[in-house]
Amino acid sequence: MGETATLADAWGAVPAALVVVAVALALGWAVTATDRAVLAGGGPVPGPGRDAARLLLEQRRTTPAPDRLLWRLGCAGVAVLALASWAVVPLGSRSLWSTSADLVWFNAAEAVLWAAVWLVGWGPNAFAALTGGYRFLAQGLAYELPLMFALITAGLAAGSLRTTDVVAAQAGLWFVVTMPVAFVVFLAAAAAFAFWGPFDAPAGTDVAGGVTSELSGVDRLLVSAGRAVFLGAAAAMAVALFLGGGAGPWLPGPVWQLVKTLAVVALLVRAGRRLPLLRPDRAVEVAWVVVIPVVLLQALVVAVLVLAGFYG
Amino acid sequence: MLTASTGWLLAAAAVLGVLSVASGVAVFVVDSMARATFALLGSFLAVAAVLLALDLAYLAVVTALMMTIEMAIMAVFMIAFMMNPAGLVPMSMVHNTRGSAVVGAGAFVVLTAGIWLVDWPVRRTAVPADPTRQLGEALMGSHMLVMLGIGVALFATILAGTLLATARGRYDRFGPDLTAHRPADPVRGGLAR
Amino acid sequence: MDLTTRLRAWALARPRVLVVDPPGSDPLRWAVEEELDRRGWPRAAVPAGTDVLLVLGEPGPGLAAAVDVLWTQVPAPRHRARLLAGAEVAAALDAARAALLAGGDADRPDPEALLGSGEEDGDEDPGADDGSDEDADEPDGDHGGMDHGGMDHGGMEVAGLPMAQTGPDRDGLELDVLAVSLGPVLPAWPTGLVLRAEVQGDVVTGAELSWTDDPPQAADPDPQRLALDRLARLLEVAGWPAAARDARRARDGLGSADPDRVVAAGALAAALTRRVRRSRTLAWSLRGAGRPADEPGEGVLDLVRDWCAAATGDAPPPAGAPLDALAGRLEGAELGSARLLVAARAPAPVPVGADRG
């Protein structure tokens, strides 16, 4: 069993939560800035901070006969749930909050996020937004199970669903060595849940921005920030689950963790932006028919290794 | 025997319980399918939070996870293909009011009576360090057969339901001799099958 | 300058610009987009995400009316500007930003009045954008974004909006049919083109295409630059923004007076088209799009390759499809495929009412 004390125990609940939110926002900023830098291809990069300030100045949009309650709930929910998924991501050797079901918490946060994004599409009572919302439901359904199995595979090898235990279990060997498929599937499914890059169809140009098409002002800020924060959380989680967390020579753990997380972000953004959109009517079938069996096979391999005593 | 922290948790559980009931009532009060679906989800999430307050983390998050997915799928089937965004036409969420009221009230009375009348066992051992592990061992150990049976039955039900519901079978897709190279689907999937 | 003003100036230093380019104003739009890219000002996709609405050239009466409706949908702070051919682009953009900083334009006409429908929405926030996204009856009142347009709705109305009717779908079920208008201003869309469609879910079941105005007399731009522009638009709809950016860059470079830049742009165009043609992911993603399974003919993927050939100057740009033929192809297509088909077919502007069977 690894460290069980949480950041909240160590620093008090409120300061620890503030630190985690600050880290989440900073990494979300880094994700957006990297993404824009790659997209600008050497041109000037519009800064995410400036965007946030401008959106705060902007009027909020309404449409005729919206379901305003659900719309606003959805917008706020995207940001809140992205932050909530950070609660179990270890910073250093401790996370803000730790239970014996951390990995399921992460998964649950992103399932509720899924419902929230649909609300963002449903609320404004507009065709493009609703189409985007339904595209996201189909996409989320297809990538939910691969993501779940990828998470479970890491927990299986560690013999615990607690993220700090998973990090501790990688003292000898990083999990990415024995579960490369789970690592790749985890990042791809996380990108699909943030509907980013090649999984951008719910907010695609062909539906005029889809779920985001009717958003302005603080609503647009909440949704964009939520997407970026969730991608950042996924990158940090990938480091904790597959890349040994803060393990590494010479440098202190948190520095290693930061370096690795930024490297994963850079890798994810560069790889994702090299690809065109994977149109959902084609990609979703692959997710169901190929990806799910492959991740299950990966889990089986890991299970056999566990039984053989490979992970100690 | 109540410590301060368990007192707070009990209070939280009570408030969340009321919230879940209120949210459940809201399902039948609102007049849009989307709101009814998400009121029901709110009720489930409140139940999950009750479990969390009782320190059953795994059951809590699994409830939230499963119910959210279920409600989202329900939203698809209830609202999908209904192209009036935002449920513009107000529609009643209740049918057969009298009958369902009787059934609902009856079930509530039976269950509540059960809660108060059953002689609940008292814990004699210490609180387990890891309730998740304990739950896993119970499910995968002595109750393995039951769980497997339920799992297979559920899976068979899903398959049977899909088979009964679909209008197009493999003979429609691949021709009467199943010899067509490519299925006659309105939209081609990603595997070029 | 006090702190608030400075913060505001910082926040609005790179406004998002929604460019409305009437048919025939391609070279002017290219100049604007080049300047926007040089400054790092984002291009807005929808009115909800717009700070500056920039109308190029001389829009015809139909498009001008649509832009008026579009303008009601832009959240404050906002500014509306016009740019005529031959004007200084950089100076116009600077002026637009200055006007935005000075407070923008406060006037907000009632969209209902613009659309010629007298019904009021009761539940709008008085202070917020009370833009009606819907047009009830007036065919020329469609605007950017995708809207519910009433074609011949004889059914229910709720809050002044026509409700969907049911109709048979391709699987033999009865599903809701909604009438929507796409255009005339949409991202990566031929401005001025309006698609009146009936949709079931995201499947187009009825389609009718028309232009808002008669085409102006305009000189044809350089075919290679035009091909690169259309390719950029197609890649944008196909969801490949990095490749679309390269296509725009090559297009801008080819129009430069500097011979070195022209050579570099030619090389960029060659590299880009090679990448697009060889991309297995794009081929996989687009295969089958816009081509019914049992019908031979050019799918979107073949057209992408045609545009690539034209973009390197090896072939003339593919001819634009007649509107009726294109509309026929859209029926039965999923919305994304329909958008791809319109971008790949790049219909040429024709007089209103012509080109009909």
# chains A, B, ... in the order shown; residues from 1 in each chain; ligands from 1

call {"tool": "interface_residues", "arguments": {"of": "chain A", "to": "chain B", "cutoff": "10 Å", "atoms": "only C-alpha atoms", "output": "VMD selection string"}}
result
chain A and resid 65 to 71 98 to 116 118 to 119 121 to 127 129 to 131 134 137 to 138 140 to 141 144 159 to 161 278 to 287 289 to 290

call {"tool": "residues_around", "arguments": {"residues": "stretch 268-278 of chain C", "least_positions_apart": "3", "cutoff": "6 Å", "atoms": "only C-alpha atoms", "output": "list in words"}}
result
Ala250, Ala265, Cys308 and Thr312 of chain C

call {"tool": "write_last_selection", "arguments": {"atoms": "C-alpha atoms", "output": "short mmCIF file (atom, residue, chain, number, x, y, z; two decimals), in the first residue's frame"}}
result
data_model
loop_
_atom_site.label_atom_id
_atom_site.label_comp_id
_atom_site.auth_asym_id
_atom_site.auth_seq_id
_atom_site.Cartn_x
_atom_site.Cartn_y
_atom_site.Cartn_z
CA ALA C 250 0.51 29.00 -50.44
CA ALA C 265 4.62 29.22 -52.09
CA CYS C 308 -4.94 19.12 -55.51
CA THR C 312 -0.23 22.84 -58.23
#

call {"tool": "closest_atom_pairs", "arguments": {"of": "chain A", "to": "chain C", "cutoff": "9 Å", "atoms": "only C-alpha atoms", "output": "CSV"}}
result
residue,atom,partner,partner_atom,distance
A:Val38,CA,C:Ala242,CA,8.0
A:Leu39,CA,C:Ala242,CA,5.5
A:Ala40,CA,C:Ala242,CA,7.8
A:Gly41,CA,C:Ala242,CA,7.7
A:Gly43,CA,C:Arg38,CA,6.8
A:Pro44,CA,C:Gly40,CA,4.8
A:Val45,CA,C:Gly40,CA,6.0
A:Pro46,CA,C:Gly40,CA,5.9
A:Gly49,CA,C:Ala11,CA,8.5
A:Arg50,CA,C:Ala11,CA,5.0
A:Asp51,CA,C:Ala11,CA,6.8
A:Ala52,CA,C:Ala11,CA,8.1
A:Ala53,CA,C:Ala11,CA,5.4
A:Arg54,CA,C:Ala11,CA,4.8
A:Leu55,CA,C:Ala11,CA,8.5
A:Leu57,CA,C:Pro77,CA,7.6
A:Glu58,CA,C:Ala76,CA,5.9
A:Gln59,CA,C:Pro75,CA,5.3
A:Arg60,CA,C:Ala128,CA,6.7
A:Arg61,CA,C:Asp129,CA,5.7
A:Thr62,CA,C:Asp129,CA,5.9
A:Thr63,CA,C:Ser132,CA,6.2
A:Pro64,CA,C:Ser132,CA,5.5
A:Ala65,CA,C:Ala159,CA,6.3
A:Ala126,CA,C:Asp147,CA,6.7
A:Phe127,CA,C:Asp147,CA,6.2
A:Ala128,CA,C:Met146,CA,5.8
A:Ala129,CA,C:Met146,CA,9.0
A:Thr131,CA,C:Asp202,CA,6.5
A:Tyr134,CA,C:Gly201,CA,8.9
A:Gly197,CA,C:Gly239,CA,8.4
A:Pro198,CA,C:Gly239,CA,7.4
A:Asp200,CA,C:Gly239,CA,7.6
A:Ala201,CA,C:Gly239,CA,7.8
A:Gly204,CA,C:Gly239,CA,6.7
A:Thr205,CA,C:Val237,CA,5.5
A:Asp206,CA,C:Val237,CA,5.2
A:Val207,CA,C:Gly336,CA,7.3
A:Ala208,CA,C:Pro187,CA,6.1
A:Gly209,CA,C:Ala45,CA,7.2
A:Thr212,CA,C:Ala48,CA,9.0
A:Ser213,CA,C:Val46,CA,6.3
A:Glu214,CA,C:Ala48,CA,5.6
A:Leu215,CA,C:Ala48,CA,6.0
A:Ser216,CA,C:Ala48,CA,5.4
A:Gly217,CA,C:Pro75,CA,8.1
A:Arg220,CA,C:Gly49,CA,8.5
A:Arg273,CA,C:Ala242,CA,6.7
A:Arg274,CA,C:Ala242,CA,7.3
A:Leu275,CA,C:Trp240,CA,6.8
A:Pro276,CA,C:Trp240,CA,4.3
A:Leu277,CA,C:Gly239,CA,4.6
A:Leu278,CA,C:Ser285,CA,5.6
A:Arg279,CA,C:Ser285,CA,5.6
A:Pro280,CA,C:Ser285,CA,8.7
A:Asp281,CA,C:Ser285,CA,8.9
A:Arg282,CA,C:Ser285,CA,6.6
A:Ala283,CA,C:Ser285,CA,7.8

call {"tool": "atom_distance", "arguments": {"atom1": "atom CA of B:Ser20", "atom2": "atom CA of B:Gly104"}}
result
15.7 Å

call {"tool": "atom_distance", "arguments": {"atom1": "atom CA of B:Ala53", "atom2": "atom CA of B:Ala12"}}
result
6.9 Å

call {"tool": "atom_distance", "arguments": {"atom1": "atom CA of A:Pro48", "atom2": "atom CA of C:Leu234"}}
result
27.1 Å

call {"tool": "select_by_dssp", "arguments": {"residues": "stretch 22-56 of chain A", "states": "helix (DSSP H, G or I)", "output": "PyMOL selection string"}}
result
chain A and resi 22-40+48-56

call {"tool": "write_last_selection", "arguments": {"atoms": "C-alpha atoms", "output": "CSV table (one decimal), in the first residue's frame"}}
result
chain,number,residue,atom,x,y,z
A,22,ALA,CA,-4.4,26.6,-10.1
A,23,VAL,CA,-2.4,23.7,-11.5
A,24,ALA,CA,-5.4,22.5,-13.5
A,25,LEU,CA,-5.9,26.0,-15.0
A,26,ALA,CA,-2.2,26.4,-15.7
A,27,LEU,CA,-2.0,23.1,-17.5
A,28,GLY,CA,-5.2,23.9,-19.4
A,29,TRP,CA,-3.5,27.2,-20.5
A,30,ALA,CA,-0.5,25.2,-21.6
A,31,VAL,CA,-2.6,22.8,-23.6
A,32,THR,CA,-4.4,25.6,-25.4
A,33,ALA,CA,-1.2,27.5,-26.1
A,34,THR,CA,0.5,24.4,-27.4
A,35,ASP,CA,-2.5,23.6,-29.6
A,36,ARG,CA,-2.6,27.1,-31.0
A,37,ALA,CA,1.1,27.2,-31.6
A,38,VAL,CA,0.9,24.0,-33.6
A,39,LEU,CA,-2.1,25.3,-35.5
A,40,ALA,CA,-0.5,28.7,-36.2
A,48,PRO,CA,-5.5,31.9,-24.3
A,49,GLY,CA,-5.3,34.4,-21.4
A,50,ARG,CA,-6.3,37.3,-23.6
A,51,ASP,CA,-9.1,35.2,-25.0
A,52,ALA,CA,-10.4,34.5,-21.5
A,53,ALA,CA,-10.3,38.2,-20.6
A,54,ARG,CA,-12.2,39.1,-23.8
A,55,LEU,CA,-14.8,36.5,-23.2
A,56,LEU,CA,-15.4,37.9,-19.7

call {"tool": "residues_around", "arguments": {"residues": "A:Ala17", "least_positions_apart": "3", "cutoff": "10 Å", "atoms": "only C-alpha atoms", "output": "list in words"}}
result
Leu7, Ala8, Trp11, Gly12, Ala13, Val14, Val20, Val21, Ala22, Val23, Leu83, Trp86, Ala87, Leu96 and Trp97 of chain A

call {"tool": "write_last_selection", "arguments": {"atoms": "N, CA and C atoms", "output": "short mmCIF file (atom, residue, chain, number, x, y, z; two decimals), in the first residue's frame"}}
result
data_model
loop_
_atom_site.label_atom_id
_atom_site.label_comp_id
_atom_site.auth_asym_id
_atom_site.auth_seq_id
_atom_site.Cartn_x
_atom_site.Cartn_y
_atom_site.Cartn_z
N LEU A 7 -3.47 15.56 -0.16
CA LEU A 7 -3.07 16.96 -0.10
C LEU A 7 -3.98 17.72 0.85
N ALA A 8 -5.27 17.35 0.86
CA ALA A 8 -6.20 18.03 1.74
C ALA A 8 -5.81 17.81 3.20
N TRP A 11 -2.37 20.00 3.72
CA TRP A 11 -2.38 21.47 3.66
C TRP A 11 -3.70 22.08 4.11
N GLY A 12 -4.67 21.27 4.44
CA GLY A 12 -6.00 21.82 4.69
C GLY A 12 -6.77 21.80 3.39
N ALA A 13 -8.09 21.59 3.50
CA ALA A 13 -8.88 21.34 2.29
C ALA A 13 -8.87 22.52 1.33
N VAL A 14 -9.08 23.73 1.86
CA VAL A 14 -9.25 24.88 0.95
C VAL A 14 -7.94 25.24 0.25
N VAL A 20 -4.71 22.86 -6.46
CA VAL A 20 -5.05 21.93 -7.55
C VAL A 20 -5.76 22.67 -8.69
N VAL A 21 -6.68 23.58 -8.32
CA VAL A 21 -7.36 24.35 -9.37
C VAL A 21 -6.36 25.19 -10.15
N ALA A 22 -5.41 25.79 -9.43
CA ALA A 22 -4.41 26.61 -10.11
C ALA A 22 -3.58 25.76 -11.06
N VAL A 23 -3.16 24.58 -10.60
CA VAL A 23 -2.39 23.69 -11.47
C VAL A 23 -3.23 23.29 -12.68
N LEU A 83 -12.57 20.11 -13.69
CA LEU A 83 -11.79 20.36 -12.47
C LEU A 83 -11.94 19.20 -11.49
N TRP A 86 -9.61 16.41 -11.68
CA TRP A 86 -8.27 16.66 -11.13
C TRP A 86 -8.15 16.23 -9.67
N ALA A 87 -9.28 16.00 -9.01
CA ALA A 87 -9.22 15.70 -7.57
C ALA A 87 -8.39 14.46 -7.29
N LEU A 96 -5.36 15.42 -4.31
CA LEU A 96 -6.19 16.27 -3.46
C LEU A 96 -7.07 15.40 -2.57
N TRP A 97 -7.54 14.34 -3.16
CA TRP A 97 -8.52 13.53 -2.46
C TRP A 97 -8.23 12.10 -2.87
#
